[in-house]
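Reviewing the structure listed below.
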Amino acid sequence: MSDATTAPKSAPKTYAVKSFGCQMNVYDGDRMGELMAAQGLTQVDAKDADLVVLNTCHIRERATEKVYSDIGRLRKDAGKQGRSPMIAVAGCVAQAEGAEIVRRAKVDVVVGPQAYHNLPDLVAKAARGEAALDTDMPVDLKFGHLPARRRVPPSAFLTVQEGCDKFCTYCVVPYTRGGEVSRGWGQIVDEAKALVDAGARELTLLGQNVNAWTDGARGLHDLIAALDAIPGLARIRYTTSHPNDMTQGLIDAHASVEKLMPFLHLPVQAGSDRILKAMNRSHSRDSYLRILERVRAARPDIALSGDFIVGFPGETEADFRETLSLVDAVGYAQAYSFKYSPRPGTPAATMGDQVPEDVMDDRLQRLQAALNRDQAAFNAATVGRTCQVLMERAGKLPGQLIGKSPWLQSVHLVSDAAIGDLVEVTLAEAGANSMLGLLPPSSS
């Protein structure tokens, strides 16, 4: 806790939450919004809000400086209107920076990702001019302190696990989110039912290492089987997984649970065993590929996704070529790729043999060319398939709807269906990042 205090402000009547980064941050941002709504505040655009919550991510390069820039821009824009909104910084940058944000940016509230259930109390303290900083990582989970879910979109997130015990040498998550903690079985099932009652047709189970979720002898595959029985729930997904926690039971679930979508995001990060060891990834190139073989045997039509880091300290051209050869071997339907950037406090930040920026740029372009090639090939291979598409939002054209295929492709089509409907669609044309869907003749 900080002893710093700020000038008293009027208690806010309106709020806005701006979330950055991962899907778990989106979930956390929604929950913080629900906390504020439960206090009687009205949600408005950030430019009009009495309280703006910046829900931050610490994974990307220069994340901390971006937060300070966002705070300055927010204050400048509000000042032009003669306004002085209360500013709260939440999430992983808040956890990493703590009282430094209060000192440097004079924000009103700082709250870490494991303490955001205390946001209403912190806002009340800030309104009184008291210190409002909480970056504790309590043993008891925050979820039991959160309000009931409101109406939700057709595809909703559900956090089941937080934190990480893997300590990859490039990653700040164990320091900003803490160790691996699993939510209880009953709490998850109850929230899943509430989400379905509130309008969700698809649930994506979230965790830093979601497949590390456990409740005694039960694993993630058991939880998925329980959610499969919820009436009204049509689809189940999960992300993000770690190769070391990819159990045979979870792999088998892709064959036996019809609602579990044929999509798996399984980060590998590099194709070189030497670099994987330096990253402390605790899996090898071969063990990763053998997992994918078992997954494809269970669900032959599965779409695979991954994460890659290029330019990790000490990565040679030969190491990078091993990453390219792994990409060739897998044929990813989607993937995310980034240049390595050091995070203060992580072991990799102090490693020697840092890769020059221009070399990283070149390797990233080459990797992304290969990944884009394979995504285009996967999309092209699905042309002509008929599948169900979950309608999630309106498109830009009259009568156009946009939804997701079972393989997590964005599909746009013209239909009189409603948001939340599952529509039988023929995938007619493949674009770089989306598919054109047509209604079968009997449906038109």
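FYI, nothing fancy with the structure tokens labels: chains A, B, ... in order, residues from 1 per chain, ligands from 1 as they appear.
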
Would you tabulate, counting only C-alpha atoms, all residues of range 234-336 of chain A that have an atom at most 12 Å from an atom of range 430-438 of chain A, showing the closest pair of atoms and their distance in Å to one decimal, sorted by chain then ascending number, as CSV?
residue,atom,partner,partner_atom,distance
A:Ala333,CA,A:Asn433,CA,10.6
A:Gln334,CA,A:Asn433,CA,9.5
A:Ala335,CA,A:Asn433,CA,11.8

**Report entry** Near-range 259-271 of chain A list (7 Å; only C-alpha atoms; drop same-chain fewer than 2 positions) as a PyMOL selection string
**Finding:** chain A and resi 228+234-237+239-243+254+257+273+275-276+285+299+301-309+322-323+326+406-407

**Report entry** Secondary structure check, strand (DSSP E or B) residues of range 188-349 of chain A, as a PyMOL selection string
**Finding:** chain A and resi 202-206+214-215+218-219+235-239+260+263-265+269+303-310+334-339

Requested in this report: Rounded to one decimal place, report the CA of Gly33 in chain A-CA of Ala16 in chain A distance in Å.
Outcome: 7.4 Å

Query raised in the report: Quick one: residues within 8 Å of range 151-162 of chain A, only C-alpha atoms counted, chain neighbours fewer than 6 positions away excluded, as an MDAnalysis selection string?
Result: chainID A and resid 23:24 27 177:183 188 191:192 195 198:210 212:213 390:392 419:420

Report task. Please run DSSP on the backbone and report, as a PyMOL selection string, all residues within range 50-277 of chain A that come out as alpha helix (DSSP H). Result -> chain A and resi 63-80+92-97+99-105+119-127+173-176+185-197+220-228+248-256+273-277

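Residue nearest Asp353 in chain A, chosen from A:Tyr238, A:Phe312, A:Phe378, A:Tyr68 and counting only C-alpha atoms: A:Phe312.
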
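The gap separating CA of Lys9 in chain A from CA of Gly82 in chain A is 14.4 Å, in Å to one decimal.
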
Report task. For Val52 in chain A, list every protein, DNA or RNA residue within 8 Å, evaluated using only C-alpha atoms, and leave out those in the same chain fewer than 4 positions away; present the list as a PyMOL selection string. Result -> chain A and resi 15-18+46+85-88

Requested in this report: Can you pull out every residue within 7 Å of Gln388 in chain A, counting only C-alpha atoms, but drop anything in the same chain fewer than 3 positions away, and send it as a ChimeraX atom specification?
Outcome: /A:405,422-425
